[in-house]
file entry-v2.txt (compact mmCIF, C-alpha atoms)
# COMPACT_ATOMS: atom_id res chain seq x y z
CA MET E 27 88.86 119.00 117.58
CA ILE E 28 90.24 117.52 114.41
CA ASP E 29 89.82 113.76 114.41
CA LYS E 30 90.19 111.99 111.06
CA ARG E 31 89.78 108.49 112.49
CA VAL E 32 86.95 106.36 111.19
CA GLY E 33 85.81 103.07 112.73
CA SER E 34 85.98 100.66 109.79
CA VAL E 35 87.32 100.23 106.28
CA ALA E 36 83.70 100.12 105.04
CA GLU E 37 83.00 103.52 106.57
CA ALA E 38 86.33 104.82 105.22
CA VAL E 39 85.49 104.10 101.56
CA ALA E 40 81.73 104.83 101.82
CA PRO E 41 81.89 108.20 99.96
CA VAL E 42 83.49 106.83 96.75
CA THR E 43 81.06 107.34 93.85
CA ASP E 44 80.71 105.73 90.41
CA GLY E 45 83.02 107.28 87.81
CA SER E 46 85.62 108.43 90.33
CA VAL E 47 89.33 108.67 89.63
CA VAL E 48 90.97 106.60 92.37
CA MET E 49 94.71 106.61 93.04
CA VAL E 50 95.90 103.44 94.74
CA GLY E 51 99.22 103.48 96.59
CA GLY E 52 101.75 100.69 96.27
CA PHE E 53 104.47 99.34 94.02
CA GLY E 54 103.32 95.83 93.22
CA GLU E 55 101.98 94.49 96.49
CA VAL E 56 104.30 96.57 98.65
CA GLY E 57 102.36 99.47 100.11
CA SER E 58 99.09 98.33 98.54
CA PRO E 59 96.07 99.18 100.74
CA ILE E 60 94.48 95.77 100.30
CA GLU E 61 91.80 96.09 103.03
CA LEU E 62 90.59 99.44 101.64
CA ILE E 63 90.47 97.97 98.12
CA HIS E 64 88.45 94.99 99.28
CA ALA E 65 86.11 97.35 101.15
CA LEU E 66 85.70 99.32 97.91
CA ILE E 67 84.79 96.12 96.06
CA ASP E 68 82.12 95.44 98.74
CA GLN E 69 80.93 99.05 98.50
CA GLY E 70 80.21 98.62 94.79
CA ALA E 71 81.51 101.82 93.13
CA LYS E 72 82.09 101.25 89.42
CA ASP E 73 83.29 102.91 86.19
CA LEU E 74 86.42 103.87 88.08
CA THR E 75 89.68 105.17 86.67
CA ALA E 76 92.46 103.59 88.71
CA VAL E 77 95.96 105.07 88.99
CA ASN E 78 98.74 102.75 90.19
CA ASN E 79 102.21 101.78 89.01
CA ASN E 80 100.98 98.27 88.15
CA THR E 81 97.69 96.42 87.73
CA GLY E 82 97.68 94.07 90.71
CA ASN E 83 98.50 90.41 91.16
CA GLY E 84 96.46 87.22 91.28
CA GLU E 85 92.78 87.80 92.10
CA VAL E 86 93.09 89.89 95.26
CA GLY E 87 93.58 93.59 95.99
CA LEU E 88 93.81 95.86 92.92
CA ALA E 89 93.58 92.87 90.56
CA ALA E 90 90.29 91.88 92.24
CA LEU E 91 88.92 95.43 91.84
CA ILE E 92 89.76 95.22 88.14
CA GLY E 93 88.59 91.60 87.84
CA ASN E 94 85.23 92.45 89.40
CA GLY E 95 84.64 94.87 86.55
CA ARG E 96 84.85 98.09 88.58
CA VAL E 97 87.68 99.71 86.61
CA THR E 98 87.11 100.95 83.07
CA ARG E 99 90.39 102.81 82.69
CA MET E 100 93.86 102.15 84.09
CA VAL E 101 96.70 104.67 84.31
CA CYS E 102 99.99 102.91 85.04
CA SER E 103 103.61 102.39 83.99
CA TYR E 104 103.98 98.63 84.13
CA PRO E 105 100.83 96.53 83.61
CA ARG E 106 102.75 93.24 83.30
CA SER E 107 104.15 91.05 86.04
CA SER E 108 104.58 87.36 86.69
CA HIS E 109 101.38 87.15 88.75
CA SER E 110 99.33 89.64 86.74
CA LYS E 111 96.66 87.91 84.67
CA VAL E 112 93.40 89.78 85.26
CA PHE E 113 94.41 93.00 83.52
CA PRO E 114 96.10 91.39 80.48
CA GLU E 115 92.98 89.29 79.80
CA LEU E 116 90.61 92.27 79.98
CA TYR E 117 93.00 94.44 77.95
CA ARG E 118 93.33 91.88 75.16
CA ALA E 119 89.54 91.52 75.15
CA GLY E 120 89.23 95.32 74.73
CA ARG E 121 87.30 95.63 77.98
CA ILE E 122 89.62 98.04 79.79
CA GLU E 123 91.40 101.16 78.62
CA LEU E 124 95.11 101.68 79.32
CA GLU E 125 97.03 104.93 79.60
CA LEU E 126 100.69 103.89 79.75
CA VAL E 127 102.90 106.48 81.47
CA PRO E 128 106.66 106.25 82.15
CA GLN E 129 107.16 105.67 85.86
CA GLY E 130 108.94 108.95 86.63
CA THR E 131 106.45 110.91 84.56
CA LEU E 132 103.62 109.19 86.43
CA ALA E 133 105.16 110.19 89.76
CA GLU E 134 105.78 113.77 88.64
CA ARG E 135 102.26 114.14 87.15
CA ILE E 136 100.82 113.09 90.49
CA ARG E 137 103.20 115.39 92.36
CA ALA E 138 102.22 118.26 90.04
CA GLY E 139 98.55 117.48 90.66
CA GLY E 140 99.09 117.81 94.39
CA ALA E 141 101.23 120.92 93.99
CA GLY E 142 98.79 122.84 91.78
CA ILE E 143 100.93 122.77 88.63
CA PRO E 144 98.76 121.90 85.61
CA ALA E 145 101.60 120.94 83.23
CA PHE E 146 105.36 120.62 83.04
CA TYR E 147 108.08 119.77 80.53
CA THR E 148 110.18 116.62 80.87
CA PRO E 149 112.88 115.04 78.68
CA CYS E 150 111.43 111.59 79.33
CA SER E 151 109.88 109.82 76.30
CA VAL E 152 110.99 112.43 73.72
CA GLY E 153 111.53 110.60 70.40
CA THR E 154 109.45 107.60 71.49
CA PRO E 155 105.85 106.56 70.74
CA LEU E 156 104.79 107.78 74.21
CA ALA E 157 105.48 111.40 73.22
CA GLU E 158 103.46 111.22 70.00
CA GLY E 159 100.75 113.84 69.77
CA LYS E 160 102.14 115.83 72.69
CA GLU E 161 103.57 119.33 72.57
CA LEU E 162 107.37 119.44 72.25
CA ARG E 163 109.49 122.43 73.17
CA ASP E 164 113.19 123.24 72.85
CA LEU E 165 114.55 124.75 76.05
CA ASP E 166 118.19 125.40 76.98
CA GLY E 167 119.51 123.14 74.22
CA GLY E 168 117.25 120.15 74.91
CA THR E 169 113.89 118.94 73.64
CA TYR E 170 111.14 118.37 76.17
CA VAL E 171 107.58 117.07 76.11
CA LEU E 172 104.63 118.71 77.85
CA GLU E 173 102.93 116.47 80.39
CA ARG E 174 99.72 117.27 82.30
CA TRP E 175 99.07 116.95 85.99
CA LEU E 176 97.14 114.02 87.42
CA ARG E 177 94.57 114.57 90.14
CA ALA E 178 92.12 112.19 91.72
CA ASP E 179 88.80 112.20 93.52
CA TYR E 180 90.09 109.65 96.03
CA ALA E 181 93.40 108.12 97.08
CA LEU E 182 93.56 104.77 98.88
CA ILE E 183 96.77 104.59 100.90
CA LYS E 184 98.50 102.20 103.30
CA CYS E 185 100.87 103.58 105.92
CA GLU E 186 102.70 102.37 109.01
CA VAL E 187 101.79 104.90 111.71
CA ALA E 188 99.17 107.65 111.62
CA ASP E 189 97.84 110.07 114.22
CA ARG E 190 94.28 111.42 114.39
CA LEU E 191 95.42 114.60 112.57
CA GLY E 192 96.42 112.46 109.58
CA ASN E 193 100.21 112.73 109.92
CA LEU E 194 101.74 109.61 108.39
CA THR E 195 104.92 107.56 108.35
CA TYR E 196 105.61 104.63 106.04
CA ASN E 197 107.69 101.45 106.20
CA LYS E 198 110.75 101.12 103.95
CA THR E 199 109.96 100.74 100.23
CA ALA E 200 106.21 100.64 100.99
CA ARG E 201 106.33 104.46 100.75
CA ASN E 202 106.71 104.62 96.92
CA PHE E 203 103.85 106.66 95.33
CA SER E 204 101.77 107.12 98.50
CA PRO E 205 102.97 110.54 99.74
CA LEU E 206 102.37 111.96 96.23
CA MET E 207 98.90 110.45 95.92
CA CYS E 208 97.92 111.82 99.35
CA MET E 209 98.62 115.30 97.93
CA ALA E 210 96.86 114.78 94.59
CA ALA E 211 93.47 113.45 95.75
CA ALA E 212 90.51 115.54 96.85
CA THR E 213 89.81 112.94 99.53
CA THR E 214 92.65 110.78 100.87
CA ILE E 215 91.69 107.61 102.71
CA VAL E 216 94.42 105.85 104.71
CA GLN E 217 94.74 102.49 106.41
CA ALA E 218 97.38 102.54 109.16
CA ARG E 219 98.96 99.65 111.01
CA ARG E 220 98.85 101.80 114.12
CA ILE E 221 97.10 105.03 115.11
CA VAL E 222 98.80 107.08 117.83
CA GLU E 223 98.14 110.33 119.69
CA PRO E 224 99.28 113.64 118.13
CA GLY E 225 102.87 114.29 119.19
CA GLU E 226 103.86 110.64 119.30
CA ILE E 227 105.24 110.87 115.76
CA ASP E 228 108.33 113.09 115.90
CA PRO E 229 107.51 116.12 113.68
CA GLU E 230 110.92 115.64 112.04
CA HIS E 231 109.84 112.14 111.01
CA VAL E 232 106.43 112.95 109.55
CA VAL E 233 106.51 111.99 105.85
CA THR E 234 102.96 113.00 104.89
CA PRO E 235 101.69 116.00 106.87
CA GLY E 236 98.08 115.60 108.00
CA ILE E 237 96.76 118.40 105.79
CA PHE E 238 96.90 115.93 102.85
CA VAL E 239 94.85 113.27 104.66
CA ASP E 240 91.10 113.07 105.27
CA ARG E 241 90.22 109.68 106.74
CA VAL E 242 92.32 107.22 108.74
CA VAL E 243 91.34 103.70 109.74
CA GLU E 244 93.42 101.28 111.78
CA VAL E 245 94.22 97.91 110.17
CA PRO E 246 96.72 96.39 112.60
CA ASP E 247 97.61 93.22 110.73
CA PRO E 248 97.10 93.77 107.00
CA LEU E 249 96.84 90.83 104.61
CA VAL E 250 99.92 89.93 102.58
CA GLU E 251 98.99 89.71 98.91
CA SER E 252 101.63 87.16 97.88
CA ARG E 253 100.50 84.79 100.64
CA LEU E 254 96.88 85.03 99.47
CA ILE E 255 98.03 84.35 95.90
CA ALA E 256 100.09 81.34 97.02
CA GLU E 257 96.93 80.03 98.73
CA GLY E 258 94.95 80.55 95.51
CA ARG E 259 92.55 83.02 97.18
CA SER E 260 90.23 85.22 95.18
CA TYR E 261 88.24 88.26 96.41
CA PRO E 262 85.32 88.35 97.24
CA TRP E 263 86.16 85.30 99.36
CA MET X 5 132.52 83.29 91.23
CA VAL X 6 132.54 83.93 87.50
CA THR X 7 131.23 80.90 85.64
CA PRO X 8 133.18 80.63 82.39
CA SER X 9 131.23 80.23 79.18
CA PRO X 10 131.19 76.67 77.80
CA GLY X 11 132.08 77.78 74.26
CA ALA X 12 133.63 80.91 72.81
CA GLY X 13 132.49 84.23 74.20
CA TRP X 14 131.55 85.48 77.64
CA SER X 15 128.98 83.97 80.00
CA ARG X 16 126.33 86.22 81.53
CA GLU X 17 128.45 86.47 84.68
CA GLU X 18 131.55 87.36 82.66
CA MET X 19 129.59 90.05 80.78
CA ALA X 20 128.43 91.51 84.11
CA ALA X 21 131.97 91.37 85.52
CA ARG X 22 133.33 93.10 82.40
CA ALA X 23 130.79 95.92 82.69
CA ALA X 24 131.50 96.28 86.43
CA ARG X 25 135.18 96.98 85.61
CA ASP X 26 134.13 100.15 83.76
CA ILE X 27 132.17 101.59 86.69
CA PRO X 28 134.26 103.98 88.82
CA ASP X 29 134.68 103.78 92.59
CA GLY X 30 132.01 105.70 94.48
CA ALA X 31 129.51 105.67 91.60
CA TYR X 32 125.76 105.90 92.24
CA VAL X 33 124.44 103.01 90.17
CA ASN X 34 121.01 101.78 89.07
CA LEU X 35 120.82 98.21 87.78
CA GLY X 36 117.98 97.11 85.52
CA ILE X 37 116.05 93.89 86.06
CA GLY X 38 117.63 90.63 84.80
CA ILE X 39 121.25 90.23 83.64
CA PRO X 40 122.13 93.80 84.77
CA GLU X 41 121.41 92.75 88.38
CA LEU X 42 124.43 90.39 88.16
CA VAL X 43 126.77 93.41 88.03
CA ALA X 44 126.41 93.81 91.82
CA ARG X 45 128.14 90.45 92.30
CA PHE X 46 131.29 91.55 90.50
CA VAL X 47 132.33 94.85 92.02
CA PRO X 48 136.12 95.11 91.46
CA GLU X 49 138.34 94.88 94.54
CA GLY X 50 138.77 98.20 96.29
CA ARG X 51 135.69 99.86 94.76
CA THR X 52 132.35 100.68 96.34
CA PHE X 53 129.18 101.38 94.36
CA LEU X 54 126.04 102.82 95.96
CA TYR X 55 122.95 101.22 94.50
CA HIS X 56 119.73 103.08 93.76
CA THR X 57 116.51 101.23 93.14
CA GLU X 58 113.81 103.42 91.65
CA ASN X 59 111.03 102.17 93.90
CA GLY X 60 112.61 104.29 96.63
CA LEU X 61 115.86 103.08 98.18
CA LEU X 62 119.43 104.39 97.97
CA GLY X 63 121.97 102.08 99.58
CA MET X 64 120.50 98.77 98.48
CA GLY X 65 122.37 95.72 99.75
CA PRO X 66 122.55 92.13 98.49
CA PRO X 67 119.60 89.72 98.54
CA PRO X 68 118.69 88.53 102.07
CA ALA X 69 119.42 85.03 103.33
CA PRO X 70 116.45 82.66 102.98
CA GLY X 71 113.99 83.31 105.80
CA GLU X 72 115.34 86.84 106.39
CA GLU X 73 113.19 88.54 103.74
CA ASP X 74 111.34 91.71 104.71
CA PRO X 75 108.15 91.88 102.60
CA GLU X 76 108.31 95.70 102.55
CA LEU X 77 111.96 95.92 101.45
CA ILE X 78 112.14 95.15 97.74
CA ASN X 79 113.88 96.27 94.54
CA ALA X 80 112.39 97.51 91.28
CA GLY X 81 112.08 93.88 90.15
CA LYS X 82 109.87 93.37 93.24
CA ARG X 83 112.34 90.94 94.79
CA PRO X 84 113.48 91.09 98.43
CA VAL X 85 116.68 93.03 99.06
CA THR X 86 118.59 94.37 102.06
CA MET X 87 119.86 97.83 102.89
CA ILE X 88 123.36 98.94 103.90
CA PRO X 89 124.18 101.23 106.85
CA GLY X 90 123.58 104.76 105.56
CA ALA X 91 120.69 103.76 103.31
CA SER X 92 117.73 106.09 102.77
CA PHE X 93 114.10 105.73 101.68
CA PHE X 94 112.18 108.28 99.62
CA HIS X 95 109.01 108.62 97.60
CA HIS X 96 108.81 108.21 93.83
CA ALA X 97 109.05 111.90 92.89
CA ASP X 98 112.35 112.17 94.78
CA SER X 99 113.54 108.87 93.35
CA PHE X 100 112.93 110.05 89.80
CA ALA X 101 114.40 113.46 90.59
CA MET X 102 117.60 111.55 91.31
CA ILE X 103 117.24 109.81 87.93
CA ARG X 104 115.95 112.58 85.69
CA GLY X 105 117.92 115.31 87.44
CA GLY X 106 121.25 113.75 86.46
CA HIS X 107 122.31 112.70 89.96
CA LEU X 108 122.98 109.06 89.16
CA ASP X 109 126.29 108.18 87.52
CA VAL X 110 125.62 104.86 85.82
CA CYS X 111 122.70 102.67 84.89
CA VAL X 112 122.96 99.21 83.37
CA LEU X 113 120.02 98.09 81.25
CA GLY X 114 119.03 95.18 79.06
CA ALA X 115 118.15 95.70 75.40
CA MET X 116 116.01 94.32 72.61
CA GLN X 117 117.87 96.51 70.09
CA VAL X 118 120.56 99.22 70.12
CA SER X 119 121.21 101.37 67.04
CA ARG X 120 124.55 102.69 65.76
CA GLU X 121 123.58 106.11 67.15
CA GLY X 122 122.89 104.70 70.59
CA ASP X 123 119.11 104.58 70.32
CA LEU X 124 117.72 101.97 72.71
CA ALA X 125 114.62 99.78 72.35
CA ASN X 126 113.88 97.66 75.40
CA TRP X 127 110.23 97.98 76.41
CA SER X 128 107.89 96.73 73.70
CA THR X 129 107.85 94.66 70.54
CA GLY X 130 104.98 96.83 69.34
CA GLU X 131 103.11 93.69 68.25
CA PRO X 132 99.31 93.65 68.43
CA GLY X 133 98.13 91.93 71.60
CA ALA X 134 101.38 92.62 73.45
CA ILE X 135 100.85 94.40 76.76
CA PRO X 136 103.07 97.50 76.64
CA ALA X 137 104.98 98.06 79.89
CA VAL X 138 107.62 100.77 80.24
CA GLY X 139 108.34 101.21 83.96
CA GLY X 140 111.25 103.57 84.65
CA ALA X 141 113.37 102.80 81.58
CA MET X 142 112.55 106.01 79.68
CA ASP X 143 113.41 108.16 82.69
CA LEU X 144 116.67 106.28 83.33
CA VAL X 145 117.97 106.67 79.77
CA VAL X 146 117.38 110.42 79.58
CA GLY X 147 118.62 111.21 83.08
CA VAL X 148 121.48 108.97 84.14
CA LYS X 149 124.90 110.26 83.07
CA THR X 150 126.22 107.00 81.59
CA VAL X 151 123.93 104.30 80.21
CA LEU X 152 125.52 100.87 79.78
CA VAL X 153 123.72 98.07 77.96
CA LEU X 154 124.24 94.41 78.81
CA THR X 155 122.76 92.01 76.25
CA GLN X 156 123.33 88.90 74.17
CA HIS X 157 124.89 89.91 70.84
CA VAL X 158 122.11 88.30 68.77
CA THR X 159 118.51 87.22 69.42
CA LYS X 160 117.52 83.62 70.12
CA THR X 161 116.93 83.21 66.38
CA GLY X 162 120.34 84.67 65.51
CA GLU X 163 119.24 88.17 64.43
CA PRO X 164 121.59 91.04 65.30
CA LYS X 165 120.46 93.13 68.27
CA ILE X 166 122.92 95.89 67.38
CA VAL X 167 121.41 97.45 64.29
CA GLU X 168 121.58 100.39 61.92
CA ARG X 169 118.16 101.59 63.09
CA CYS X 170 115.85 100.10 65.74
CA THR X 171 112.67 98.53 64.41
CA TYR X 172 111.08 98.16 67.85
CA PRO X 173 109.53 101.21 69.61
CA LEU X 174 112.28 103.35 71.14
CA THR X 175 113.00 103.82 74.83
CA GLY X 176 115.23 106.79 74.09
CA ARG X 177 117.27 108.40 71.31
CA ARG X 178 121.08 108.59 71.41
CA VAL X 179 121.27 107.45 75.01
CA VAL X 180 123.58 104.39 75.14
CA SER X 181 127.30 104.83 75.88
CA ARG X 182 128.60 101.27 75.77
CA ILE X 183 127.31 97.80 74.89
CA TYR X 184 128.58 94.64 76.62
CA THR X 185 127.60 91.41 74.87
CA ASP X 186 128.66 87.77 75.07
CA LEU X 187 131.02 88.49 72.15
CA ALA X 188 132.37 92.01 72.53
CA VAL X 189 132.49 95.43 74.15
CA ILE X 190 131.32 98.16 71.79
CA GLU X 191 131.43 101.90 72.34
CA VAL X 192 128.83 104.23 70.87
CA ALA X 193 130.96 107.13 69.62
CA ARG X 194 129.85 110.30 67.86
CA GLU X 195 131.05 108.91 64.52
CA GLY X 196 129.46 105.48 65.05
CA LEU X 197 130.13 102.16 66.77
CA ARG X 198 133.67 101.24 67.83
CA LEU X 199 134.76 97.71 68.69
CA LEU X 200 136.76 98.02 71.92
CA GLU X 201 137.34 94.39 72.83
CA THR X 202 136.39 90.88 71.79
CA ALA X 203 135.71 87.97 74.13
CA PRO X 204 138.32 85.18 74.27
CA GLY X 205 138.00 82.87 71.25
CA VAL X 206 135.90 85.38 69.31
CA THR X 207 137.29 87.06 66.20
CA GLU X 208 136.61 90.61 65.07
CA ASP X 209 135.16 89.19 61.84
CA GLU X 210 132.66 87.10 63.79
CA VAL X 211 131.55 90.18 65.78
CA ARG X 212 131.19 92.18 62.53
CA ASP X 213 129.19 89.34 60.93
CA LYS X 214 126.76 89.30 63.84
CA THR X 215 126.39 93.08 64.08
CA GLY X 216 123.76 94.85 61.95
CA ALA X 217 125.69 98.14 61.73
CA PRO X 218 129.23 99.13 60.71
CA LEU X 219 131.88 98.70 63.43
CA ALA X 220 135.04 100.79 63.40
call {"tool": "encode", "arguments": {"input": "entry-v2.txt", "output": "structure tokens"}}
result
Amino acid sequence: MIDKRVGSVAEAVAPVTDGSVVMVGGFGEVGSPIELIHALIDQGAKDLTAVNNNTGNGEVGLAALIGNGRVTRMVCSYPRSSHSKVFPELYRAGRIELELVPQGTLAERIRAGGAGIPAFYTPCSVGTPLAEGKELRDLDGGTYVLERWLRADYALIKCEVADRLGNLTYNKTARNFSPLMCMAAATTIVQARRIVEPGEIDPEHVVTPGIFVDRVVEVPDPLVESRLIAEGRSYPW
Amino acid sequence: MVTPSPGAGWSREEMAARAARDIPDGAYVNLGIGIPELVARFVPEGRTFLYHTENGLLGMGPPPAPGEEDPELINAGKRPVTMIPGASFFHHADSFAMIRGGHLDVCVLGAMQVSREGDLANWSTGEPGAIPAVGGAMDLVVGVKTVLVLTQHVTKTGEPKIVERCTYPLTGRRVVSRIYTDLAVIEVAREGLRLLETAPGVTEDEVRDKTGAPLA
């Protein structure tokens, strides 16, 4: 019987090793798997490359992973935000590397990684500093830049409903990068608000088919990052 | 309500209302963060726009009433929004397929600089120590059919933002169609910039003085 459920967030992130590439779902705090990230901080893996649209907020979640010195390299599109201070400080101090990727190119590189396509041409960033040093090609009257796929050792994902086969649904704009990251990681680890029996999710409504998911843990009432920041919390507590 | 500008020229709301007049009924529209977001408040009578927000929602509605916010329903500026009947959610690859694939009709963006050829710079000053952040701007400018720019005519220190050639790092080359400022509406034509309209109380000479590129 296939059963991808695990009993705790600690067990879920146990296999992550030093030096891993870890994709983290979420757009800002929305869709961010905060319990899995905190479990990863407790677990201790370091020298990580993290892939996310942003760099976290305050001193919890992704920002805490970075602030605790576990991330040496960040791949993202928008490392600034009103509550982002951990990354900018480390970046200015030269203690973390940044690969800045336009948001749509980031999404497509991750999609390509999951789809087995090692490179693709896109019009995005042609003529800008972000295309410098990359191969350009004229096709059908336009100029395009070659971008490489992005794959990961692990993806940390938050979803709304999962079943034990790993089928997932999301909630509203919390979906964002998560379905792509599930496809692009060798091992995809998911926290779900609710885990149900196979068949309870209408097959027409499955967003991420279970084949892209390896481990599922139930976190019924996930923390809300902005509330923790308003309370001045910092992880580890 | 449009708040009139205290002096000569258009207020931010008037600039947004002026840009909204040029967006056709039924358009699929993406609004950038900041002043461009105001456009949604000034949709001309009898027209409907469908709003796309690149974090994964088509059919975005107005901001929710206080206390009605849904923490998992936000826009690209990470602020709470609502959705209209007929809205849809999708992941980022689909969202940027809509953008890059030419399916969106109009996007409205802010600018640090726009050149006479329609080059746009709006993501980085390129200064040492600045944290570069690009988000979806580079995808929007290459993919959306019509790119409108909404910006003050000059910087806070009075430097022209419409220039012969951008000095800041580019977001895209030859991508801007029209520029709406507090002083004027300017079209980016093949042969160069064309002054289409000046704000009430603003002369063509004043606009030319404050523009760093020739205006036909």
call {"tool": "interface_residues", "arguments": {"input": "entry-v2.txt", "of": "chain E", "to": "chain X", "cutoff": "10 Å", "atoms": "only C-alpha atoms", "output": "PDB file with C-alpha atoms, in the frame of the given file"}}
result
ATOM      1  CA  GLY E  52     101.750 100.690  96.270  1.00  0.00           C
ATOM      2  CA  PHE E  53     104.470  99.340  94.020  1.00  0.00           C
ATOM      3  CA  GLY E  54     103.320  95.830  93.220  1.00  0.00           C
ATOM      4  CA  GLU E  55     101.980  94.490  96.490  1.00  0.00           C
ATOM      5  CA  VAL E  56     104.300  96.570  98.650  1.00  0.00           C
ATOM      6  CA  GLY E  57     102.360  99.470 100.110  1.00  0.00           C
ATOM      7  CA  ASN E  79     102.210 101.780  89.010  1.00  0.00           C
ATOM      8  CA  ASN E  80     100.980  98.270  88.150  1.00  0.00           C
ATOM      9  CA  CYS E 102      99.990 102.910  85.040  1.00  0.00           C
ATOM     10  CA  SER E 103     103.610 102.390  83.990  1.00  0.00           C
ATOM     11  CA  TYR E 104     103.980  98.630  84.130  1.00  0.00           C
ATOM     12  CA  PRO E 105     100.830  96.530  83.610  1.00  0.00           C
ATOM     13  CA  ARG E 106     102.750  93.240  83.300  1.00  0.00           C
ATOM     14  CA  SER E 107     104.150  91.050  86.040  1.00  0.00           C
ATOM     15  CA  PHE E 113      94.410  93.000  83.520  1.00  0.00           C
ATOM     16  CA  PRO E 114      96.100  91.390  80.480  1.00  0.00           C
ATOM     17  CA  GLU E 115      92.980  89.290  79.800  1.00  0.00           C
ATOM     18  CA  TYR E 117      93.000  94.440  77.950  1.00  0.00           C
ATOM     19  CA  ARG E 118      93.330  91.880  75.160  1.00  0.00           C
ATOM     20  CA  ALA E 119      89.540  91.520  75.150  1.00  0.00           C
ATOM     21  CA  LEU E 124      95.110 101.680  79.320  1.00  0.00           C
ATOM     22  CA  LEU E 126     100.690 103.890  79.750  1.00  0.00           C
ATOM     23  CA  VAL E 127     102.900 106.480  81.470  1.00  0.00           C
ATOM     24  CA  PRO E 128     106.660 106.250  82.150  1.00  0.00           C
ATOM     25  CA  GLN E 129     107.160 105.670  85.860  1.00  0.00           C
ATOM     26  CA  GLY E 130     108.940 108.950  86.630  1.00  0.00           C
ATOM     27  CA  THR E 131     106.450 110.910  84.560  1.00  0.00           C
ATOM     28  CA  LEU E 132     103.620 109.190  86.430  1.00  0.00           C
ATOM     29  CA  ALA E 133     105.160 110.190  89.760  1.00  0.00           C
ATOM     30  CA  GLU E 134     105.780 113.770  88.640  1.00  0.00           C
ATOM     31  CA  ARG E 135     102.260 114.140  87.150  1.00  0.00           C
ATOM     32  CA  ILE E 136     100.820 113.090  90.490  1.00  0.00           C
ATOM     33  CA  ARG E 137     103.200 115.390  92.360  1.00  0.00           C
ATOM     34  CA  ALA E 138     102.220 118.260  90.040  1.00  0.00           C
ATOM     35  CA  THR E 148     110.180 116.620  80.870  1.00  0.00           C
ATOM     36  CA  PRO E 149     112.880 115.040  78.680  1.00  0.00           C
ATOM     37  CA  CYS E 150     111.430 111.590  79.330  1.00  0.00           C
ATOM     38  CA  SER E 151     109.880 109.820  76.300  1.00  0.00           C
ATOM     39  CA  VAL E 152     110.990 112.430  73.720  1.00  0.00           C
ATOM     40  CA  GLY E 153     111.530 110.600  70.400  1.00  0.00           C
ATOM     41  CA  THR E 154     109.450 107.600  71.490  1.00  0.00           C
ATOM     42  CA  PRO E 155     105.850 106.560  70.740  1.00  0.00           C
ATOM     43  CA  LEU E 156     104.790 107.780  74.210  1.00  0.00           C
ATOM     44  CA  TYR E 196     105.610 104.630 106.040  1.00  0.00           C
ATOM     45  CA  ASN E 197     107.690 101.450 106.200  1.00  0.00           C
ATOM     46  CA  LYS E 198     110.750 101.120 103.950  1.00  0.00           C
ATOM     47  CA  THR E 199     109.960 100.740 100.230  1.00  0.00           C
ATOM     48  CA  ALA E 200     106.210 100.640 100.990  1.00  0.00           C
ATOM     49  CA  ARG E 201     106.330 104.460 100.750  1.00  0.00           C
ATOM     50  CA  ASN E 202     106.710 104.620  96.920  1.00  0.00           C
ATOM     51  CA  PHE E 203     103.850 106.660  95.330  1.00  0.00           C
ATOM     52  CA  SER E 204     101.770 107.120  98.500  1.00  0.00           C
ATOM     53  CA  PRO E 205     102.970 110.540  99.740  1.00  0.00           C
ATOM     54  CA  LEU E 206     102.370 111.960  96.230  1.00  0.00           C
ATOM     55  CA  VAL E 233     106.510 111.990 105.850  1.00  0.00           C
ATOM     56  CA  VAL E 250      99.920  89.930 102.580  1.00  0.00           C
ATOM     57  CA  SER E 252     101.630  87.160  97.880  1.00  0.00           C
TER      58      SER E 252
END
call {"tool": "residues_near_point", "arguments": {"input": "entry-v2.txt", "point": "(84.9, 92.4, 85.0)", "cutoff": "10 Å", "atoms": "all atoms listed in the file", "output": "ChimeraX atom specification"}}
result
/E:90-98,112-113,116,121-122
call {"tool": "atom_distance", "arguments": {"input": "entry-v2.txt", "atom1": "CA of Gly70 (chain E)", "atom2": "CA of Arg219 (chain E)"}}
result
24.8 Å
call {"tool": "residues_near_point", "arguments": {"input": "entry-v2.txt", "point": "(107.9, 117.1, 76.6)", "cutoff": "8 Å", "atoms": "all atoms listed in the file", "output": "ChimeraX atom specification"}}
result
/E:146-152,157,160-163,169-173
call {"tool": "residues_around", "arguments": {"input": "entry-v2.txt", "residues": "Thr171 (chain X)", "least_positions_apart": "5", "cutoff": "12 Å", "atoms": "only C-alpha atoms", "output": "MDAnalysis selection string"}}
result
(chainID E and resid 154) or (chainID X and resid 116:119 123:126 128:131 164:166 216)
call {"tool": "atom_distance", "arguments": {"input": "entry-v2.txt", "atom1": "CA of Glu210 (chain X)", "atom2": "CA of Arg198 (chain X)"}}
result
14.7 Å
call {"tool": "atom_distance", "arguments": {"input": "entry-v2.txt", "atom1": "CA of Glu18 (chain X)", "atom2": "CA of Asn34 (chain X)"}}
result
19.0 Å
call {"tool": "closest_residue", "arguments": {"input": "entry-v2.txt", "among": "E:Met100, E:Ile221, E:Leu165, E:Ala212", "to": "Arg190 (chain E)", "atoms": "only C-alpha atoms"}}
result
E:Ile221
call {"tool": "closest_residue", "arguments": {"input": "entry-v2.txt", "among": "E:Glu186, E:Glu85, E:Asp164, E:Glu223", "to": "Glu257 (chain E)", "atoms": "all atoms listed in the file"}}
result
E:Glu85
call {"tool": "residues_around", "arguments": {"input": "entry-v2.txt", "residues": "Lys30 (chain E)", "least_positions_apart": "6", "cutoff": "7 Å", "atoms": "all atoms listed in the file", "output": "list in words"}}
result
Arg190, Leu191, Gly192, Asp240, Arg241 and Val242 of chain E
